[in-house]
Each structure stands twice: as C-alpha cells, then as structure tokens.
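Participant: Structure supplied as entry_7.cif; contents: mmCIF, C-alpha atoms and all ligand atoms.
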```cif
data_run
#
loop_
_atom_site.label_atom_id
_atom_site.label_comp_id
_atom_site.auth_asym_id
_atom_site.auth_seq_id
_atom_site.Cartn_x
_atom_site.Cartn_y
_atom_site.Cartn_z
CA MET O 616 -35.95 31.17 19.97
CA PHE O 617 -35.74 34.85 20.76
CA ILE O 618 -34.04 37.28 23.09
CA CYS O 619 -36.36 38.97 25.57
CA GLU O 620 -36.18 42.73 25.01
CA ASN O 621 -36.84 43.42 28.69
CA CYS O 622 -34.44 41.07 30.54
CA ASN O 623 -32.08 40.22 27.58
CA VAL O 624 -32.27 36.49 28.27
CA GLN O 625 -32.24 34.07 25.33
CA ILE O 626 -35.43 32.01 25.33
CA PRO O 627 -35.15 28.53 23.75
CA ALA O 628 -37.18 27.32 20.80
CA SER O 629 -40.86 26.29 21.04
CA ILE O 630 -41.54 28.73 23.88
CA PRO O 631 -43.89 31.51 22.78
CA SER O 632 -43.04 35.19 22.94
CA TYR O 633 -45.44 37.94 24.00
CA LEU O 634 -45.82 41.44 22.60
CA TYR O 635 -46.07 44.12 25.28
CA THR O 636 -47.27 47.54 24.11
CA VAL O 637 -45.02 50.33 25.37
CA ALA O 638 -46.41 53.36 23.56
CA THR O 639 -49.54 54.27 21.62
CA ARG O 640 -50.49 57.35 19.64
CA PRO O 641 -53.84 58.81 18.66
CA LYS O 642 -54.98 58.06 15.13
CA PHE O 643 -57.79 59.60 13.07
CA TYR O 644 -59.21 57.93 9.98
CA PRO O 645 -61.21 60.27 7.73
CA ARG O 646 -64.61 59.41 6.27
CA ARG O 647 -64.35 57.79 2.82
CA LEU O 648 -67.22 57.97 0.36
CA LYS O 649 -68.09 54.77 -1.59
CA ALA O 650 -65.08 52.96 -0.14
CA ASN O 651 -66.69 49.52 0.19
CA HIS O 652 -67.99 47.54 -2.80
CA PHE O 653 -70.24 44.53 -2.51
CA ARG O 654 -72.73 42.63 -4.65
CA ALA O 655 -76.39 42.66 -3.68
CA ASP O 656 -79.39 41.76 -5.85
CA GLY O 657 -77.07 41.06 -8.79
CA ARG O 658 -75.65 44.58 -8.80
CA ILE O 659 -72.49 46.09 -7.37
CA GLN O 660 -73.38 48.35 -4.46
CA HIS O 661 -71.22 50.99 -2.78
CA ALA O 662 -71.16 51.89 0.88
CA ASP O 663 -69.37 54.68 2.73
CA ASP O 664 -66.69 54.06 5.32
CA ALA O 665 -67.54 56.06 8.43
CA GLY O 666 -63.94 56.54 9.53
CA GLY O 667 -63.25 57.25 13.15
CA SER O 668 -60.54 57.68 15.72
CA GLY O 669 -58.67 55.57 18.18
CA ALA O 670 -55.20 54.60 19.27
CA GLU O 671 -52.57 52.74 17.27
CA ILE O 672 -49.49 50.95 18.57
CA ALA O 673 -46.30 53.02 18.32
CA LYS O 674 -43.85 50.64 20.01
CA GLN O 675 -43.94 47.06 21.25
CA LEU O 676 -41.46 44.85 23.06
CA ARG O 677 -41.07 41.10 22.42
CA VAL O 678 -40.82 39.68 25.93
CA CYS O 679 -40.88 36.34 27.74
CA ARG O 680 -43.85 35.13 29.77
CA SER O 681 -42.46 36.10 33.18
CA CYS O 682 -41.63 39.64 32.00
CA TYR O 683 -45.05 39.94 30.39
CA ASP O 684 -46.77 38.99 33.63
CA THR O 685 -44.56 41.39 35.60
CA LEU O 686 -45.12 44.31 33.21
CA ASN O 687 -48.89 43.80 33.11
CA THR O 688 -49.24 44.09 36.87
CA TYR O 689 -48.37 47.82 36.75
ZN ZN O 701 -37.87 38.57 29.92
#
```
As a first step, turn the structure in this file into structure tokens.
Ligand SMILES: [Zn+2]

Facilitator:
Amino acid sequence: MFICENCNVQIPASIPSYLYTVATRPKFYPRRLKANHFRADGRIQHADDAGGSGAEIAKQLRVCRSCYDTLNTY
C-alpha cells in the first residue's frame, strides 16, 4: 500500500509501485590506487579502481503503474 506521489491516490496492498527518476546530477569518481583486494595464486593481490564519471539519481517519485506509463511517454 502506498500513495502515488504524482496523482495522490492511495494504491491498495500487493500492487507494485514504480520509481520514476525526476532529476539526475553529474557525478565524478576519482581513481583509487590499490582499492580492490583479491586472492590469486595463494597471495593477496591489489588492483586499482579506474574511477569514472556518470549520472546519479537526485530525486525519484514513487508512482503507480498508470502514472509511470504516462510519465515515460514524454
Ligand atoms: Zn499515480
């Protein structure tokens, strides 16, 4: 049971909700040296994490199925 954050209708139990992404923001992850540890050939090895950039979710709405389908058409 939840209240749709788009149409403000209470949705009964056992009906799934959907997360609709409203806003994203750019994110940069720096390179990390020897960040990953793993065992190979009986020894602990270290590997670097390359880092990178992308987008992370800033705000989401919990919506019903009909609102999710309507919002995704635009
Ligand atoms: Zn709705």

Participant: Can you build me a table of chain O residues sitting at most 12 Å from ligand ZN 701 (chain O), with the closest atom pair per residue and its distance in Å to one decimal, using all atoms listed in the file, sorted by chain and residue number, as a Markdown table?

Facilitator:
```
| residue | atom | partner | partner_atom | distance |
| --- | --- | --- | --- | --- |
| O:Phe617 | CA | O:ZN701 | ZN | 10.1 |
| O:Ile618 | CA | O:ZN701 | ZN | 7.9 |
| O:Cys619 | CA | O:ZN701 | ZN | 4.6 |
| O:Glu620 | CA | O:ZN701 | ZN | 6.7 |
| O:Asn621 | CA | O:ZN701 | ZN | 5.1 |
| O:Cys622 | CA | O:ZN701 | ZN | 4.3 |
| O:Asn623 | CA | O:ZN701 | ZN | 6.5 |
| O:Val624 | CA | O:ZN701 | ZN | 6.2 |
| O:Gln625 | CA | O:ZN701 | ZN | 8.5 |
| O:Ile626 | CA | O:ZN701 | ZN | 8.4 |
| O:Pro631 | CA | O:ZN701 | ZN | 11.7 |
| O:Ser632 | CA | O:ZN701 | ZN | 9.3 |
| O:Tyr633 | CA | O:ZN701 | ZN | 9.6 |
| O:Leu634 | CA | O:ZN701 | ZN | 11.2 |
| O:Tyr635 | CA | O:ZN701 | ZN | 10.9 |
| O:Leu676 | CA | O:ZN701 | ZN | 10.0 |
| O:Arg677 | CA | O:ZN701 | ZN | 8.5 |
| O:Val678 | CA | O:ZN701 | ZN | 5.1 |
| O:Cys679 | CA | O:ZN701 | ZN | 4.3 |
| O:Arg680 | CA | O:ZN701 | ZN | 6.9 |
| O:Ser681 | CA | O:ZN701 | ZN | 6.1 |
| O:Cys682 | CA | O:ZN701 | ZN | 4.4 |
| O:Tyr683 | CA | O:ZN701 | ZN | 7.3 |
| O:Asp684 | CA | O:ZN701 | ZN | 9.7 |
| O:Thr685 | CA | O:ZN701 | ZN | 9.2 |
| O:Leu686 | CA | O:ZN701 | ZN | 9.8 |
```

Participant: Which one is closest to Glu671 (chain O): O:Ala638, O:Ala650, O:Ile630, O:Ala655? Count all atoms listed in the file.

Facilitator: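 Nearest to Glu671 (chain O): O:Ala638.
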
Participant: May I have the residues within 9 Å of region 659-667 of chain O as a list in words, using all atoms listed in the file and disregarding those fewer than 4 positions away in the same chain?

Facilitator: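 Close residues of region 659-667 of chain O: Lys642, Phe643, Tyr644, Pro645, Arg646, Arg647, Leu648, Lys649, Ala650, Asn651, His652, Phe653, Arg654 and Ala655 of chain O.
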
Participant: Counting only C-alpha atoms, which of O:Pro641, O:Asp656, O:Ser629, O:Asn687 gets nearest to Ser668 (chain O)?

Facilitator: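 Smallest separation from Ser668 (chain O) among the options: O:Pro641.
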
Participant: Would you pick out the contacts of Ile672 (chain O) at 8 Å or less, using all atoms listed in the file, so that residues sharing its chain but fewer than 4 positions from it are not included, and give the list as a list in words?

Facilitator: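 Near neighbours after the sequence-gap exclusion: Thr636, Ala638, Thr639 and Arg640 of chain O.
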
Participant: For region 643-659 of chain O, which lacks atoms in the input, supply N, CA and C atoms and format the output as a compact mmCIF listing (two decimals), keeping the file's coordinate frame.

Facilitator:
```
# COMPACT_ATOMS: atom_id res chain seq x y z
N PHE O 643 -56.50 59.19 13.61
CA PHE O 643 -57.79 59.60 13.07
C PHE O 643 -57.90 59.12 11.64
N TYR O 644 -58.95 58.40 11.33
CA TYR O 644 -59.21 57.93 9.98
C TYR O 644 -60.36 58.74 9.40
N PRO O 645 -60.15 59.42 8.27
CA PRO O 645 -61.21 60.27 7.73
C PRO O 645 -62.32 59.43 7.09
N ARG O 646 -63.47 60.04 6.92
CA ARG O 646 -64.61 59.41 6.27
C ARG O 646 -64.29 59.24 4.78
N ARG O 647 -64.60 58.06 4.24
CA ARG O 647 -64.35 57.79 2.82
C ARG O 647 -65.67 57.45 2.14
N LEU O 648 -65.98 58.18 1.09
CA LEU O 648 -67.22 57.97 0.36
C LEU O 648 -67.05 56.81 -0.61
N LYS O 649 -68.04 55.92 -0.67
CA LYS O 649 -68.09 54.77 -1.59
C LYS O 649 -66.80 53.94 -1.51
N ALA O 650 -66.34 53.69 -0.31
CA ALA O 650 -65.08 52.96 -0.14
C ALA O 650 -65.29 51.45 -0.23
N ASN O 651 -66.45 50.97 0.15
CA ASN O 651 -66.69 49.52 0.19
C ASN O 651 -67.59 49.12 -0.96
N HIS O 652 -67.22 48.05 -1.67
CA HIS O 652 -67.99 47.54 -2.80
C HIS O 652 -68.47 46.15 -2.44
N PHE O 653 -69.71 45.86 -2.74
CA PHE O 653 -70.24 44.53 -2.51
C PHE O 653 -71.37 44.28 -3.50
N ARG O 654 -71.69 43.01 -3.70
CA ARG O 654 -72.73 42.63 -4.65
C ARG O 654 -74.00 42.31 -3.89
N ALA O 655 -75.10 42.93 -4.28
CA ALA O 655 -76.39 42.66 -3.68
C ALA O 655 -77.45 42.78 -4.77
N ASP O 656 -78.33 41.80 -4.84
CA ASP O 656 -79.39 41.76 -5.85
C ASP O 656 -78.81 41.77 -7.25
N GLY O 657 -77.67 41.15 -7.46
CA GLY O 657 -77.07 41.06 -8.79
C GLY O 657 -76.38 42.33 -9.25
N ARG O 658 -76.29 43.33 -8.41
CA ARG O 658 -75.65 44.58 -8.80
C ARG O 658 -74.54 44.90 -7.80
N ILE O 659 -73.56 45.65 -8.27
CA ILE O 659 -72.49 46.09 -7.37
C ILE O 659 -72.96 47.33 -6.63
```
